[in-house]
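A quick write-up on the structure given underneath.
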Amino acid sequence: MPYFYYFMAWFFIVFCQVVISPRIAIGDIYPDVVLAVTVLIGLKQGWKRGLWFGFAFGLTLDLMNPQNYGWTTILVSLSGYCAGYVREKIFLDNILYQSLTVFTFTLVYQLLFQLINWPFYFIGNFVQLLLDSLFISLYTAALGLFALFALGQRSRLRELL
Amino acid sequence: MRISLRGIYRNPGFRQVSIVTILSILLIALPHQVKTSISRIVSYSVLYPFIEIDRFLLKVDSTFEINRHLNRRLNFLATTLSTVMENRYENERLRMMLGFDLMLPYELKPAEVKAYSPTARFKSILINAGMEKGVFKDMPVISPSGVVGKTVSADRNSAVVQLLFDPACKVAARLQSSRTQGIVAYLGGRYLSLTNVPSDQSVTAGDSVISSGLGGIFPEGLFVGRVVDVRAKEGEMFFEIDIEPGANFSLLEEIFVVTSIPGEE
């Protein structure tokens, strides 16, 4: 039964990334739903789930685009793993700190991804790409904060009922 | 501090990260053709629902955009059509008035109605022709369908017209067929009245009433209206005659002021 829930979660997150994310983009700045969810899973449920959810999400995104095969998988998986590692070392209960972690991971992921895939372009347009990555990270962190807040409210409501 | 390699290998975290890394490197190392083939197969199977949903939403987006564009175009065309229809009606009216102008032997000044008196039954109107166009007080005002009234005051560029439905406006008239004289006036009710017609005269519903030219303001022969009802009371000297005016007072837009009558100076 948990596999069914995993499948549903995978389906929903990929749906958000592929279908919803381009539609809530502000210009070229779009939220990286997959990375935000992977980091949050890592932070909430540990490195193991972070790693494998990241692997599943990253692989799905890679399979859509043969140009970056493997790189998204490895970067998103490691992000999930590192988020779980952060959880073990520093317990982050505050949603603001959690969204700050999402921001940091997204920024590092964005910069690494661009550096790996287009190294010369990355070096030549570093400032522009850094700014773009910053805005994407901010948007993703804001979305993560909203999701965490909504989940917190749902938990409180459940406790009340 | 001593780091044992065996300890690292036994660490489940390390093992799983290694598996993921090796799988990812294998994917990176795949030849481009294989990557493209896998992508194509996956796109047509696992990712098919997402692609289809995305395509559907794109269609919905474009349909909304087309709909918005068409709505804007429809509004524009509706406004244009309304303007065109308005111009067409105006054109028809002006053509009719032009024909009417050529038909009558009087000098006519065309004018547009600018305002109506705000009463249930219109008693006066304001027109956009005044002294500058040769329009003065006590000039007959007509429309192609009949007498409208007379001017009661005139400014430089406008004049007030007293309509036949004002009880103070009277027109010396006659029945066109029998030539019987009378006075057209408004005595209340729905219709105008033709008064002072002796009850021994022959009057029938449908008779045309025209101006007789005896009043001094309206020239002879202008169509005033048509008899709709004739009542003769026992012992009364005169008929009670209802007349439906030729001019439709609620639809007046363009009218003529008779500024000069040949033979009268």
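Each chain in the structure tokens gets a letter, A, B, ..., in the order shown, and its residues are numbered from 1; ligands are numbered from 1 in order too.
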Discussion item. I need the chain B residues near chain A as a PyMOL selection string; criterion: at most 7 Å, counting only C-alpha atoms.
Written reply: chain B and resi 20-21+24-25+27-28+35-36+39+42-43+50+54
Those residues you just picked out, can you put them in a file as an mmCIF file, in the first residue's frame with C-alpha atoms?
data_model
loop_
_atom_site.group_PDB
_atom_site.id
_atom_site.type_symbol
_atom_site.label_atom_id
_atom_site.label_comp_id
_atom_site.auth_asym_id
_atom_site.auth_seq_id
_atom_site.Cartn_x
_atom_site.Cartn_y
_atom_site.Cartn_z
ATOM 1 C CA VAL B 20 22.459 6.175 -7.199
ATOM 2 C CA THR B 21 25.713 7.742 -8.379
ATOM 3 C CA SER B 24 23.402 8.269 -12.838
ATOM 4 C CA ILE B 25 26.886 7.961 -14.332
ATOM 5 C CA LEU B 27 22.886 7.298 -17.730
ATOM 6 C CA ILE B 28 25.342 10.113 -18.439
ATOM 7 C CA LYS B 35 19.318 8.462 -24.790
ATOM 8 C CA THR B 36 17.051 9.799 -27.537
ATOM 9 C CA SER B 39 13.383 9.442 -24.107
ATOM 10 C CA VAL B 42 9.375 6.978 -22.057
ATOM 11 C CA SER B 43 7.571 10.008 -23.517
ATOM 12 C CA PHE B 50 1.690 14.491 -18.335
ATOM 13 C CA ASP B 54 0.093 19.716 -20.777
#
Worksheet item: Near Pro31 of chain A, within 9 Å and counting only C-alpha atoms, which residues show up once chain neighbours fewer than 4 positions away are dropped, as a PyMOL selection string?
Response: chain A and resi 17+21-22+24-25+36+136-143
Item to complete: Identify all residues of segment 42-223 of chain B in alpha helix (DSSP H) (DSSP on the backbone) and supply them as JSON, numbers by chain.
Response: {"B": [42, 43, 44, 48, 49, 50, 51, 52, 53, 54, 55, 56, 57, 58, 59, 60, 61, 62, 63, 64, 65, 66, 67, 68, 69, 70, 71, 72, 73, 74, 75, 76, 77, 78, 79, 80, 81, 82, 83, 84, 85, 86, 87, 88, 89, 90, 91, 92, 93, 94, 95, 96, 97, 98, 99, 100, 101, 102, 103]}
Worksheet item: Rounded to one decimal in Å, what is the spacing between atom CA of Leu145 of chain A and atom CA of Phe103 of chain A?
Response: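 It comes out at 10.0 Å.
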Discussion item. Please list as a list in words every residue within 8 Å of Tyr116 of chain B, counting only C-alpha atoms and excluding residues in the same chain fewer than 3 positions away.
Written reply: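 Non-adjacent residues within range: Val113, Phe122, Ser124, Ile125 and Leu126 of chain B.
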Item to complete: Just the residues within 12 Å of Gly189 of chain B, please, counting only C-alpha atoms, with nothing from its chain fewer than 6 positions along; format it as an MDAnalysis selection string.
Response: chainID B and resid 121 165:167 242:244
Worksheet item: Of the candidates A:Leu111, A:Cys82, A:Val34, A:Val39, which shows the shortest atom-to-atom distance to Val127 of chain A, using only C-alpha atoms?
Response: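 Ranked by minimum distance to Val127 of chain A, first place goes to A:Leu111.
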Practice prompt. Would you please work out which residue, of B:Pro144, B:Leu214, B:Lys170, B:Gln181, is nearest to Gly246 of chain B when using only C-alpha atoms?
Written response: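 With only C-alpha atoms as the atom set, the closest residue is B:Pro144.
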